[in-house]
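Visitor: I have a structure I would like to understand better, so I am pasting it below and will then ask my questions one at a time.
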Amino acid sequence: MKLKIKTLFRLLVVLFLISTTSFILYYPIKLIYSRIAERSNILKVFVSYVVDGDTIRVDINKSNVSVRLIGIDCPELSDPREQVYAEESLEYTKKRLLNKEVWLEFDVQRKDRYGRLLAYVWLKPPNRFNEEDVRKNMFNAQIILDGYAKVYTYPPNVKYTDFFVKFQREAIENNAGLWNDDLFKEDTSSYYIGNIKSKVLHRPTCKWGQKISKYNRVKFKTKTEAILQGFSTCRECKP
Ligand SMILES: [Zn+2]
């Protein structure tokens, strides 16, 4: 009888130890796993060509793939009004990315409707994925901070949107890069219409702008005001 009680007691001690250690280890392990999951979403690639400020081509397993950078939009080379700015953006990206090794991070959607990869481009392997890390080591953030791209929010790929909007505010306040040019900031429209759901800004004459329901519609006096709140410009009416 005495032996049985002793065995039972030992068993209880062992069970107690197992449950406490697993409880203590649970949170750090969970954290480590989420970091591993984040890291496995990272791909090291070589930048072989720069198409424009926000699009590059990279080598992955012997094939050459087009990559559209998430969360940003650069002026279009094909648009005569934007061409001067587009060339400056292209030069900026070329200088920093061409012929370099970088790390791509993916968000919810891996590809866009043109079959291009959608990615954040890290200049160093990301470590903490926090604001400091993004600010210091992510190209998408740096091009916004230096004023050569505007924030372009494209749900559901919004992992870093809040940082990007904050960085853009800093760029505008500092007159960084293209923000130094008034023409880049404003044009002569009297007001703009924004869709609070899609965060897209339109000219009042745009057919897409006119389709916005009254619940999602917001009016802005200036483009800067809307951009400061994270709106990006419509591809069709180009406000
Ligand atoms: Zn529009």
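Every chain in the structure tokens has a letter given in the order shown (A, B, ...), and although residue numbers restart at 1 in each chain, ligands are simply numbered from 1 in the order shown.
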Give me the residues of chain A that have any atom at most 6 Å from an atom of ligand 1; for each, the nearest atom pair and the distance in Å, rounded to one decimal. Use only C-alpha atoms and all ligand atoms, sort by chain and number, and format it as JSON lines.
Guide:
{"residue": "A:His202", "atom": "CA", "partner": "ligand 1", "partner_atom_place_in_ligand_line": "1 (Zn)", "distance": 4.0}
{"residue": "A:Arg203", "atom": "CA", "partner": "ligand 1", "partner_atom_place_in_ligand_line": "1 (Zn)", "distance": 5.8}
{"residue": "A:Cys206", "atom": "CA", "partner": "ligand 1", "partner_atom_place_in_ligand_line": "1 (Zn)", "distance": 4.6}
{"residue": "A:Trp208", "atom": "CA", "partner": "ligand 1", "partner_atom_place_in_ligand_line": "1 (Zn)", "distance": 5.1}
{"residue": "A:Gly209", "atom": "CA", "partner": "ligand 1", "partner_atom_place_in_ligand_line": "1 (Zn)", "distance": 5.2}
{"residue": "A:Cys234", "atom": "CA", "partner": "ligand 1", "partner_atom_place_in_ligand_line": "1 (Zn)", "distance": 4.4}
{"residue": "A:Glu236", "atom": "CA", "partner": "ligand 1", "partner_atom_place_in_ligand_line": "1 (Zn)", "distance": 5.1}
{"residue": "A:Cys237", "atom": "CA", "partner": "ligand 1", "partner_atom_place_in_ligand_line": "1 (Zn)", "distance": 4.2}
Visitor: Identify, on the basis of only C-alpha atoms, every residue whose closest approach to Ile70 (chain A) does not exceed 10 Å; exclude the query and any residue fewer than 2 positions from it along the same chain; express the result as a count of residues only.
Guide: 24
Visitor: Counting only C-alpha atoms, figure out which residue out of A:Val108, A:Ile32, A:Val50, A:Leu69 gets nearest to Met138 (chain A).
Guide: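 The closest residue to Met138 (chain A) is A:Leu69.
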Visitor: Just the residues within 10 Å of Leu228 (chain A), please, counting only C-alpha atoms, with nothing from its chain fewer than 3 positions along; format it as a list in words.
Guide: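 Using only C-alpha atoms, the neighbours found are Val151, Val165, Lys166, Phe167, Gln168, Arg169, Glu170, Ile172, Lys223, Thr224, Glu225, Phe231 and Ser232 of chain A.
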Visitor: To one decimal place, how far is CA of Asn180 (chain A) from CA of Glu131 (chain A) in Å?
Guide: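 These atoms are spaced 25.1 Å apart.
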Visitor: Please identify all polymer residues within 12 Å of Lys214 (chain A), counting only C-alpha atoms, omitting same-chain residues fewer than 6 positions from it, and present them as a ChimeraX atom specification.
Guide: /A:193-197
Visitor: Taking into account only C-alpha atoms, which residue in the set A:Ile144, A:Val200, A:Thr233, A:Trp103 is nearest to Arg217 (chain A)?
Guide: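 Ranked by minimum distance to Arg217 (chain A), first place goes to A:Val200.
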Visitor: For the atom pair CA of Phe164 (chain A) and CA of Lys207 (chain A), what is the interatomic distance in Å to one decimal place?
Guide: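 Separating CA of Phe164 (chain A) from CA of Lys207 (chain A) is a distance of 28.3 Å.
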Visitor: Enumerate the residues of region 57-215 of chain A with a DSSP assignment of strand (DSSP E or B), computed from the backbone, and present them as a ChimeraX atom specification.
Guide: /A:57-60,63-69,72-73,101-105,111,117-122,138,150-151,154,157,192-195,200-202
Visitor: Generate a file of the selected residues that holds N, CA and C atoms, formatted as an mmCIF file, in the first residue's frame.
Guide:
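The new file part-v4.cif reads:
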data_model
loop_
_atom_site.group_PDB
_atom_site.id
_atom_site.type_symbol
_atom_site.label_atom_id
_atom_site.label_comp_id
_atom_site.auth_asym_id
_atom_site.auth_seq_id
_atom_site.Cartn_x
_atom_site.Cartn_y
_atom_site.Cartn_z
ATOM 1 N N ARG A 57 12.392 43.189 -62.209
ATOM 2 C CA ARG A 57 12.447 41.783 -62.621
ATOM 3 C C ARG A 57 13.542 41.096 -61.819
ATOM 4 N N VAL A 58 13.229 39.888 -61.347
ATOM 5 C CA VAL A 58 14.189 39.171 -60.505
ATOM 6 C C VAL A 58 14.391 37.752 -61.021
ATOM 7 N N ASP A 59 15.549 37.172 -60.660
ATOM 8 C CA ASP A 59 15.820 35.779 -61.015
ATOM 9 C C ASP A 59 15.392 34.875 -59.873
ATOM 10 N N ILE A 60 14.496 33.930 -60.176
ATOM 11 C CA ILE A 60 14.097 32.910 -59.205
ATOM 12 C C ILE A 60 14.220 31.550 -59.881
ATOM 13 N N SER A 63 14.477 31.247 -63.598
ATOM 14 C CA SER A 63 13.536 31.980 -64.449
ATOM 15 C C SER A 63 13.512 33.446 -64.013
ATOM 16 N N ASN A 64 13.116 34.287 -64.950
ATOM 17 C CA ASN A 64 13.095 35.712 -64.710
ATOM 18 C C ASN A 64 11.656 36.172 -64.543
ATOM 19 N N VAL A 65 11.360 36.778 -63.378
ATOM 20 C CA VAL A 65 9.973 37.044 -63.003
ATOM 21 C C VAL A 65 9.768 38.528 -62.724
ATOM 22 N N SER A 66 8.587 39.022 -63.108
ATOM 23 C CA SER A 66 8.232 40.411 -62.862
ATOM 24 C C SER A 66 7.663 40.557 -61.444
ATOM 25 N N VAL A 67 8.097 41.602 -60.744
ATOM 26 C CA VAL A 67 7.612 41.819 -59.373
ATOM 27 C C VAL A 67 7.084 43.241 -59.240
ATOM 28 N N ARG A 68 5.822 43.360 -58.814
ATOM 29 C CA ARG A 68 5.229 44.671 -58.549
ATOM 30 C C ARG A 68 5.327 44.910 -57.049
ATOM 31 N N LEU A 69 5.921 46.041 -56.659
ATOM 32 C CA LEU A 69 6.101 46.331 -55.240
ATOM 33 C C LEU A 69 4.767 46.720 -54.593
ATOM 34 N N ILE A 72 2.880 50.794 -52.970
ATOM 35 C CA ILE A 72 3.392 52.053 -53.517
ATOM 36 C C ILE A 72 2.962 52.216 -54.971
ATOM 37 N N ASP A 73 3.028 53.456 -55.438
ATOM 38 C CA ASP A 73 2.722 53.730 -56.827
ATOM 39 C C ASP A 73 3.648 54.853 -57.302
ATOM 40 N N GLU A 101 21.211 41.675 -54.456
ATOM 41 C CA GLU A 101 20.455 40.594 -53.843
ATOM 42 C C GLU A 101 19.481 41.200 -52.851
ATOM 43 N N VAL A 102 18.220 40.805 -52.947
ATOM 44 C CA VAL A 102 17.212 41.335 -52.026
ATOM 45 C C VAL A 102 16.332 40.183 -51.516
ATOM 46 N N TRP A 103 15.482 40.488 -50.549
ATOM 47 C CA TRP A 103 14.581 39.482 -49.994
ATOM 48 C C TRP A 103 13.140 39.925 -50.218
ATOM 49 N N LEU A 104 12.362 39.078 -50.882
ATOM 50 C CA LEU A 104 10.966 39.409 -51.144
ATOM 51 C C LEU A 104 10.102 38.874 -50.004
ATOM 52 N N GLU A 105 9.156 39.694 -49.565
ATOM 53 C CA GLU A 105 8.160 39.214 -48.597
ATOM 54 C C GLU A 105 6.793 39.333 -49.242
ATOM 55 N N LYS A 111 0.159 37.034 -56.389
ATOM 56 C CA LYS A 111 0.255 37.576 -57.748
ATOM 57 C C LYS A 111 -0.888 38.539 -58.040
ATOM 58 N N LEU A 117 4.436 38.952 -59.547
ATOM 59 C CA LEU A 117 4.494 38.701 -58.109
ATOM 60 C C LEU A 117 4.245 40.016 -57.389
ATOM 61 N N LEU A 118 3.567 39.953 -56.254
ATOM 62 C CA LEU A 118 3.347 41.140 -55.432
ATOM 63 C C LEU A 118 4.207 41.003 -54.187
ATOM 64 N N ALA A 119 5.088 41.959 -53.939
ATOM 65 C CA ALA A 119 6.024 41.750 -52.822
ATOM 66 C C ALA A 119 6.525 43.035 -52.185
ATOM 67 N N TYR A 120 6.958 42.878 -50.939
ATOM 68 C CA TYR A 120 7.757 43.899 -50.263
ATOM 69 C C TYR A 120 9.199 43.511 -50.510
ATOM 70 N N VAL A 121 10.057 44.497 -50.784
ATOM 71 C CA VAL A 121 11.454 44.210 -51.078
ATOM 72 C C VAL A 121 12.325 44.643 -49.898
ATOM 73 N N TRP A 122 12.951 43.672 -49.262
ATOM 74 C CA TRP A 122 13.840 43.969 -48.129
ATOM 75 C C TRP A 122 15.285 44.021 -48.628
ATOM 76 N N MET A 138 13.474 48.164 -45.453
ATOM 77 C CA MET A 138 12.563 47.794 -46.544
ATOM 78 C C MET A 138 12.545 48.861 -47.632
ATOM 79 N N LYS A 150 4.171 57.281 -54.174
ATOM 80 C CA LYS A 150 3.041 57.583 -53.303
ATOM 81 C C LYS A 150 2.506 56.271 -52.734
ATOM 82 N N VAL A 151 1.827 56.372 -51.610
ATOM 83 C CA VAL A 151 1.211 55.179 -51.033
ATOM 84 C C VAL A 151 0.067 54.720 -51.926
ATOM 85 N N TYR A 154 -3.757 48.523 -51.648
ATOM 86 C CA TYR A 154 -4.466 47.579 -52.495
ATOM 87 C C TYR A 154 -4.900 46.379 -51.655
ATOM 88 N N ASN A 157 -3.796 43.321 -49.416
ATOM 89 C CA ASN A 157 -2.357 43.320 -49.117
ATOM 90 C C ASN A 157 -1.979 44.567 -48.336
ATOM 91 N N TYR A 192 -12.210 66.844 -54.946
ATOM 92 C CA TYR A 192 -12.028 65.421 -55.268
ATOM 93 C C TYR A 192 -13.018 64.575 -54.475
ATOM 94 N N ILE A 193 -13.311 63.399 -55.023
ATOM 95 C CA ILE A 193 -14.191 62.473 -54.317
ATOM 96 C C ILE A 193 -13.395 61.230 -53.925
ATOM 97 N N GLY A 194 -13.530 60.847 -52.655
ATOM 98 C CA GLY A 194 -12.826 59.647 -52.206
ATOM 99 C C GLY A 194 -13.804 58.553 -51.823
ATOM 100 N N ASN A 195 -13.355 57.310 -52.003
ATOM 101 C CA ASN A 195 -14.140 56.163 -51.555
ATOM 102 C C ASN A 195 -13.493 55.662 -50.261
ATOM 103 N N VAL A 200 -9.692 55.049 -52.619
ATOM 104 C CA VAL A 200 -9.267 55.573 -53.918
ATOM 105 C C VAL A 200 -9.883 56.958 -54.111
ATOM 106 N N LEU A 201 -9.074 57.861 -54.679
ATOM 107 C CA LEU A 201 -9.505 59.235 -54.899
ATOM 108 C C LEU A 201 -9.792 59.472 -56.380
ATOM 109 N N HIS A 202 -10.930 60.145 -56.665
ATOM 110 C CA HIS A 202 -11.328 60.379 -58.059
ATOM 111 C C HIS A 202 -11.572 61.862 -58.324
#
Visitor: What is the distance between CA of Ile143 (chain A) and CA of Arg110 (chain A), in Å to one decimal?
Guide: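 These two atoms are separated by 21.3 Å.
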Visitor: Any chance you could list, as a PyMOL selection string, the residues in region 42-223 of chain A that come up helix (DSSP H, G or I) when DSSP is run on the backbone?
Guide: chain A and resi 83-97+131-137+139-145+161-173+177-180+182-185+207-210+223
Visitor: Skipping near chain neighbours, those fewer than 3 positions away, what residues fall within 10 Å of Arg96 (chain A) using only C-alpha atoms, listed as JSON, numbers by chain?
Guide: {"A": [91, 92, 93, 99, 100, 123, 139, 143]}
Visitor: Suppose we keep C-alpha atoms; can you now write the selection as a tab-separated table (two decimals), in the first residue's frame?
Guide:
chain	number	residue	atom	x	y	z
A	91	GLU	CA	16.50	56.29	-61.47
A	92	TYR	CA	15.89	56.08	-57.71
A	93	THR	CA	14.91	52.41	-57.87
A	99	ASN	CA	22.10	43.97	-59.70
A	100	LYS	CA	21.55	43.50	-55.97
A	123	LEU	CA	17.42	45.17	-48.56
A	139	PHE	CA	12.81	49.40	-49.98
A	143	ILE	CA	11.03	55.05	-51.58
